[in-house]
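See below for the structure under consideration.
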Amino acid sequence: MTNPMPNPQNPNDAMYQFIDTQPLDGYPDGPDTSPSNFTNRQFTPTAITNTFPIIVTIPSHGFQNGQTLRTTKFVSFPFAVATGMEQLNNKSFYVQQATTNTFQLYGLDNLPVDGRNFTAYIHGGQFTLAGPTLPVVNPSHFPPLGVPDPFF
């Protein structure tokens with residue numbers, strides 16, 4: 001008798017086939033080493049303008065228009081590690097007008113970000129390319145099609 005339960009150790013089991021979410025050319029800056037394997041890459045800018053719109057310089061970033069970035073590590077205190085542009089910290093933005101080394105920041109409302117009243121960029125900060133959101137992370141939590149869910 002065969003076991004009717006899905007087998008995560010069997011790569012041929014349809015319930016556990018790996019979905020490769022990485023683009024064919026790989027991610028910029030090498031393979032993904034994040035614990036979740038869904039967060040792509042982190043980049044430190046070399047320049048950020050406080051203009052309208054904000055222009056970010058990251059050499060050979062590989063971003064494409066419409067990709068989402070999350071900003072972190074933009075701090076104003078302590079002064080020894082201040083990065084400037086702390087108004088960007090912990091927010092999401094869209095990449096627009098991408099070139100080889102620069103791009104413009106657009107808000108989630110698809111409007112350019114006005115950086116004229118932001119503090120001047122000094123150094124540091126981090127842009128993380130947001131990874132894909134998969135609707136089903138672990139299919140074993142869901143019954144197969146046609147089988148009623150015992151919890152509902």
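Chain identifiers are assigned as A, B, and so on, following the order in which chains appear in the structure tokens; residues are numbered from 1 within each chain, and ligands are numbered from 1 in order of appearance.
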**Message:** Need to verify the contact set: Ala120 in chain A, 7 Å, only C-alpha atoms, exclusion of same-chain residues closer than 6 positions in sequence. Can you return it as a PyMOL selection string?
**Reply:** chain A and resi 50+84-85
Once you have the residues from the selection above, write them out as a PDB file, in the first residue's frame, restricted to N, CA and C atoms.
ATOM      1  N   ASN A  50      19.023  65.551  -2.623  1.00  0.00           N
ATOM      2  CA  ASN A  50      17.801  66.043  -1.970  1.00  0.00           C
ATOM      3  C   ASN A  50      17.165  67.063  -2.906  1.00  0.00           C
ATOM      4  N   GLY A  84      22.275  60.742   7.201  1.00  0.00           N
ATOM      5  CA  GLY A  84      21.468  61.723   6.498  1.00  0.00           C
ATOM      6  C   GLY A  84      20.286  61.017   5.853  1.00  0.00           C
ATOM      7  N   MET A  85      19.394  61.786   5.265  1.00  0.00           N
ATOM      8  CA  MET A  85      18.208  61.242   4.584  1.00  0.00           C
ATOM      9  C   MET A  85      17.394  60.293   5.479  1.00  0.00           C
TER      10      MET A  85
END
Distance query range 91-98 of chain A at most 7 Å, only C-alpha atoms, self and fewer than 6 positions along chain excluded, as a compact mmCIF listing (two decimals) with N, CA and C atoms, in the first residue's frame:
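Saved result, part20.txt, follows:
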# COMPACT_ATOMS: atom_id res chain seq x y z
N PHE A 63 18.56 47.41 -11.16
CA PHE A 63 17.13 47.58 -10.92
C PHE A 63 16.40 47.89 -12.22
N GLN A 64 15.12 47.58 -12.23
CA GLN A 64 14.26 47.89 -13.36
C GLN A 64 13.11 48.77 -12.89
N ASN A 65 12.60 49.59 -13.78
CA ASN A 65 11.46 50.45 -13.43
C ASN A 65 10.32 49.61 -12.88
N GLY A 66 9.72 50.10 -11.80
CA GLY A 66 8.58 49.42 -11.20
C GLY A 66 8.93 48.48 -10.07
N GLN A 67 10.22 48.18 -9.86
CA GLN A 67 10.58 47.30 -8.75
C GLN A 67 10.42 48.05 -7.43
N THR A 68 10.13 47.30 -6.38
CA THR A 68 9.92 47.88 -5.07
C THR A 68 11.18 47.76 -4.22
N LEU A 69 11.53 48.87 -3.55
CA LEU A 69 12.67 48.89 -2.65
C LEU A 69 12.20 49.23 -1.25
N ARG A 70 12.84 48.64 -0.26
CA ARG A 70 12.60 48.98 1.15
C ARG A 70 13.86 49.66 1.65
N THR A 71 13.72 50.79 2.35
CA THR A 71 14.88 51.53 2.86
C THR A 71 15.05 51.29 4.35
N GLN A 104 15.31 57.05 -9.90
CA GLN A 104 14.52 57.99 -9.13
C GLN A 104 13.62 57.23 -8.17
N LEU A 105 13.37 57.83 -7.01
CA LEU A 105 12.47 57.23 -6.03
C LEU A 105 11.06 57.76 -6.24
N TYR A 106 10.12 56.82 -6.34
CA TYR A 106 8.70 57.16 -6.41
C TYR A 106 8.01 56.51 -5.22
N GLY A 107 7.04 57.23 -4.64
CA GLY A 107 6.29 56.68 -3.53
C GLY A 107 5.34 55.59 -4.00
N LEU A 108 4.72 54.92 -3.05
CA LEU A 108 3.77 53.86 -3.38
C LEU A 108 2.52 54.42 -4.04
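Pairwise distance (CA of Asp109 in chain A, CA of Thr83 in chain A) equals 25.5 Å.
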**Request:** Please indicate the distance in Å from CA of Ile58 in chain A to CA of Val81 in chain A, rounded to one decimal place.
**Result:** 19.7 Å
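Here CA of Leu88 in chain A is placed at a distance of 20.8 Å from CA of Gly62 in chain A.
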**Asked** From the list A:Ile122, A:Ile55, A:Ile48, A:Val75, which residue is nearest Asn90 in chain A when using only C-alpha atoms?
**Response**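 Ranking A:Ile122, A:Ile55, A:Ile48, A:Val75 by distance to Asn90 in chain A, first place goes to A:Val75.
Considering only C-alpha atoms, the residue among A:Thr51, A:Glu86, A:Thr46, A:His61 positioned nearest to Phe103 in chain A is A:His61.
When only C-alpha atoms are used to measure the gap to Ala82 in chain A, the shortest distance among A:Asn101, A:Arg41, A:Thr119, A:Thr57 belongs to A:Thr119.
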